[in-house]
Number of protein chains: 2
Amino acid sequence: MAKIAPLSGFPELLPEQRVVEREIIASLARTFELHGFANIETRVVEPIDRLAKGGEIDKEIYVLQRLAAEPDAKAELGMHFDLTVPFARYVLENAGKLEFPFRRFQIQPAWRGERPQEGRYRQFTQADIDIVGRDTLGFHHDVEVVRVMVEALGALPLPPLSFQVNNRKLIQGFYRGLGISDVTTAIKVIDKLDKLPAETVAEQLVEQAGATPEQAELCLRLATIRVPDTSFVEQVRALGVEDELLETGLVELAAVIDGCASATSERVSVEANLRIARGLDYYTGTVLEVFMAGYERLKSVGGGGRYDALASDGKTTYPGVGVSFGVSRTLIPLISDGVLAGSRKVPSAVLVAVTDEDAREASTAIATALRARGVACEVSADAAKFGKQIRAAERRGIPFVWFSQADGTHQVKDIRSGDQVEADPSTWSPPEEDLRPQVVTTRTTTLEENQ
Amino acid sequence: MAKIAPLSGFPELLPEQRVVEREIIASLARTFELHGFANIETRVVEPIDRLAKGGEIDKEIYVLQRLAAEPDAKAELGMHFDLTVPFARYVLENAGKLEFPFRRFQIQPAWRGERPQEGRYRQFTQADIDIVGRDTLGFHHDVEVVRVMVEALGALPLPPLSFQVNNRKLIQGFYRGLGISDVTTAIKVIDKLDKLPAETVAEQLVEQAGATPEQAELCLRLATIRVPDTSFVEQVRALGVEDELLETGLVELAAVIDGCASATSERVSVEANLRIARGLDYYTGTVLEVFMAGYERLKSVGGGGRYDALASDGKTTYPGVGVSFGVSRTLIPLISDGVLAGSRKVPSAVLVAVTDEDAREASTAIATALRARGVACEVSADAAKFGKQIRAAERRGIPFVWFSQADGTHQVKDIRSGDQVEADPSTWSPPEEDLRPQVVTTRTTTLEENQ
């Protein structure tokens, strides 16, 4: 039979790699729950007309059909391509049963039939937090939700992350105050700054957004402001543009930067970057993207913002603010590069050796005693020579092997150091750091170069 | 806009219901890991030719296609309908990188385009454990894997479960020793005993499996043996059939029953039931099904067994033994019936009240101090009157509300009892049972009737 090849765009992890993903998801969930976010999961499918809204994404939607369906049967279901669309639907469907503001986190895969490349997969896991209000949602939730994600990502063993925050009101107010006629187009043009040279962007502002060369110049100057504190307020004011919406945007962005300051660390920084616009139309205030040092080629590994209408049923509007973190986009490259690894292939901290098959029951009793105190262990698969049993533990990364002596005493061997001591299965525990598999961080050249 | 209706067969949970599913999955994972099972997740899709093998299930497979695909493009991917097919493929694909015997658990959804009914969904979560060997796999793993699932399910707050265990060698050896010509057909006919009256089954054994009426009678007598201990061995021997394979089957089944005895409890019983055959052809030794008291209408909520060829690449064969538990099949009906519920809608144990918007920062600092010691909390969404803030906590099931006094002291109120005491955010913790949302068990009439 031919060797089975992996499916491009559908990455899978070996058990020791899955340790990384699992620990990181558990850590994210822990932080989100400390902040009162409730977990939900949505079904993986949505009616196609809820997914396909005429955007770029439409052609990447996977539709679902039963194998036995009539050849001309119309497909009605598609797989969700993010967690926002199903969440908005969930809020509308269950609005009568939810308490608002509703704070939820959701960690699930999504699917896009796009061309696979590093950081872009056809099946990929996202971790989203959102706070949604009914009719209204206080601005302080913008500060809160960004700060929660700063804390959550700051608790992970990742290369340094940078939150780049801006505010749509600030940009829109600035452009309006400047007298630019087509603000929406101006935002779209400025969004190309990471792909096109500044002069080209300036030309397009003139040609496409109806700006004068002087206005275009000020737009570019605004977009180059990037500071780790609230000094951007003075820098923007120095540009001499006055507008009420701009003022609101400045106050809001300053509040987000200030509110996150005490949560930043060597691992996570937060900056005001007045060039961040996020292409998507529905953001109305705070916008942000997250980048990872040494992995700028992945573009953003997270992002989000404020949307005044996450969902609406015609009568009631549900404003929201949220941040999404690309779990697969971030972890798959780090795992492939060997930056992150699991410390062992199995949860077991101990392999209980078996002297001969008749003594298996005795070994099982020892394992039961260890498990009763939370020590994960397994009993040797066969009563091979002890050397072979030790090598079986070694190959799995199990740190300890347990031996029963003929005189009824027990010995436990740390197979890394070779140290062997007498031990009692009803009291012995491994050191805390050996109890569970750990995420091991190996700094690659790429990472060191960036530090 | 029209009210959004749920999609039939794709159940979703409210946040307080998701608490139940989440805690139960966490508990299962904990037990599996204590026994050294490593977690993996497989992608949700497989090549269609790996899924569709000409069986009954084929027409229920969901196939996937990009929305933008050509109308006559051939679909190549389908969603997995269980966790065994993708696991077998994963073992073959990664055989060179895995350590055998390979012990893994997998808790993921699967999809079947079948007619939805109670306990049968189009998207449903399964929890599977399997041990897989390369070329060989010791029989003691049969005992182990059943026992692990007995322990795992015994740790859950479910109605009483019953493991009904049998052994294919026992049945086949008995039929062979009895001189029945078509053993395979005989097994299929006996498998109908829960649908057809005994006389009809006896007639079919004669007509379809070439049995004499006396042989049919002995087959039926074998199938009625059901005991919670190893006394079945004597009962079978009393039927006077002799066969080497039968003998092996008796020894193996007795070992499983004996090996699980000390793990049984009021919540989980293990019985030898010599009528259990499991329709699927690939089982070759131990077979079992799990039933839940009061929910017999769901049929089995779990099952599994030994298969001598879980996977094969032509050169190497991988024998396995495993048990699968239907998480959705079990929990969705229990949650719908109100037998299981989450104790609150949010993870927060404390709502920190906000006196006025200017004091929000002070309330946030209190929340930060509580979180630093693992107390999940949220800060009130607005500075409404305290009565309104208390009711907001009440609606979410948050047990405690925290107030800051004008004199700089703090008070925490248990809103269930009304007790209010002075407290320090750097030392106060809620009682252990209030720290996290709990699974609450409510006994329904149905359940009481069955106890």
# chains A, B, ... in the order shown; residues from 1 in each chain; ligands from 1
call {"tool": "interface_residues", "arguments": {"of": "chain B", "to": "chain A", "cutoff": "6 Å", "atoms": "only C-alpha atoms", "output": "PyMOL selection string"}}
result
chain B and resi 1+4+15+33-36+38+40+59-68+93+313-314+346-348+371+376-378
call {"tool": "residues_around", "arguments": {"residues": "Val227 of chain B", "least_positions_apart": "5", "cutoff": "12 Å", "atoms": "only C-alpha atoms", "output": "count of residues only"}}
result
21
call {"tool": "select_by_dssp", "arguments": {"residues": "segment 3-148 of chain B", "states": "strand (DSSP E or B)", "output": "PyMOL selection string"}}
result
chain B and resi 38-39+45-47+62-66+77-79+102-111+117+120+123-132
call {"tool": "write_last_selection", "arguments": {"atoms": "C-alpha atoms", "output": "PDB file, in the first residue's frame"}}
result
ATOM      1  CA  ALA B  38      -1.551  10.738  25.271  1.00  0.00           C
ATOM      2  CA  ASN B  39      -3.964  13.149  23.639  1.00  0.00           C
ATOM      3  CA  VAL B  45     -11.472  15.534   6.966  1.00  0.00           C
ATOM      4  CA  GLU B  46     -10.246  12.365   5.289  1.00  0.00           C
ATOM      5  CA  PRO B  47      -9.980  11.410   1.635  1.00  0.00           C
ATOM      6  CA  TYR B  62     -20.670  14.608   4.503  1.00  0.00           C
ATOM      7  CA  VAL B  63     -18.421  15.582   1.627  1.00  0.00           C
ATOM      8  CA  LEU B  64     -16.693  18.933   1.400  1.00  0.00           C
ATOM      9  CA  GLN B  65     -16.257  21.192  -1.578  1.00  0.00           C
ATOM     10  CA  ARG B  66     -15.203  24.791  -2.021  1.00  0.00           C
ATOM     11  CA  LEU B  77     -12.668  15.134   1.099  1.00  0.00           C
ATOM     12  CA  GLY B  78     -15.286  13.975   3.565  1.00  0.00           C
ATOM     13  CA  MET B  79     -15.842  14.639   7.269  1.00  0.00           C
ATOM     14  CA  PHE B 102       0.678   3.541  21.577  1.00  0.00           C
ATOM     15  CA  ARG B 103      -1.941   4.676  24.089  1.00  0.00           C
ATOM     16  CA  ARG B 104      -3.994   7.632  22.987  1.00  0.00           C
ATOM     17  CA  PHE B 105      -7.198   9.415  23.838  1.00  0.00           C
ATOM     18  CA  GLN B 106      -9.089  11.617  21.462  1.00  0.00           C
ATOM     19  CA  ILE B 107     -12.097  13.797  22.265  1.00  0.00           C
ATOM     20  CA  GLN B 108     -13.501  15.388  19.143  1.00  0.00           C
ATOM     21  CA  PRO B 109     -16.675  15.806  17.173  1.00  0.00           C
ATOM     22  CA  ALA B 110     -17.657  13.558  14.286  1.00  0.00           C
ATOM     23  CA  TRP B 111     -20.349  14.065  11.665  1.00  0.00           C
ATOM     24  CA  GLN B 117     -33.324  11.950  16.994  1.00  0.00           C
ATOM     25  CA  ARG B 120     -28.376  10.816  17.506  1.00  0.00           C
ATOM     26  CA  GLN B 123     -22.492  16.630  14.847  1.00  0.00           C
ATOM     27  CA  PHE B 124     -21.597  14.750  18.019  1.00  0.00           C
ATOM     28  CA  THR B 125     -18.592  14.527  20.308  1.00  0.00           C
ATOM     29  CA  GLN B 126     -16.945  11.203  21.108  1.00  0.00           C
ATOM     30  CA  ALA B 127     -14.270  10.340  23.679  1.00  0.00           C
ATOM     31  CA  ASP B 128     -12.151   7.404  22.544  1.00  0.00           C
ATOM     32  CA  ILE B 129      -9.294   5.552  24.179  1.00  0.00           C
ATOM     33  CA  ASP B 130      -7.274   2.942  22.330  1.00  0.00           C
ATOM     34  CA  ILE B 131      -4.060   1.012  22.808  1.00  0.00           C
ATOM     35  CA  VAL B 132      -2.406  -0.048  19.585  1.00  0.00           C
TER      36      VAL B 132
END
call {"tool": "atom_distance", "arguments": {"atom1": "atom CA of Val143 of chain B", "atom2": "atom CA of Asp356 of chain A"}}
result
17.2 Å
call {"tool": "select_by_dssp", "arguments": {"residues": "segment 120-249 of chain A", "states": "alpha helix (DSSP H)", "output": "VMD selection string"}}
result
chain A and resid 140 to 154 168 to 178 183 to 190 198 to 209 213 to 223 232 to 237 244 to 249
call {"tool": "residues_around", "arguments": {"residues": "Ala309 of chain B", "least_positions_apart": "5", "cutoff": "6 Å", "atoms": "only C-alpha atoms", "output": "list in words"}}
result
Thr317, Tyr318 and Pro319 of chain B
call {"tool": "write_last_selection", "arguments": {"atoms": "N, CA and C atoms", "output": "mmCIF file, in the first residue's frame"}}
result
data_model
loop_
_atom_site.group_PDB
_atom_site.id
_atom_site.type_symbol
_atom_site.label_atom_id
_atom_site.label_comp_id
_atom_site.auth_asym_id
_atom_site.auth_seq_id
_atom_site.Cartn_x
_atom_site.Cartn_y
_atom_site.Cartn_z
ATOM 1 N N THR B 317 0.956 -5.063 10.580
ATOM 2 C CA THR B 317 -0.414 -4.984 11.068
ATOM 3 C C THR B 317 -0.391 -4.381 12.478
ATOM 4 N N TYR B 318 -1.379 -3.543 12.759
ATOM 5 C CA TYR B 318 -1.463 -2.870 14.051
ATOM 6 C C TYR B 318 -2.716 -3.321 14.788
ATOM 7 N N PRO B 319 -2.600 -4.280 15.718
ATOM 8 C CA PRO B 319 -3.762 -4.695 16.504
ATOM 9 C C PRO B 319 -4.094 -3.640 17.554
#
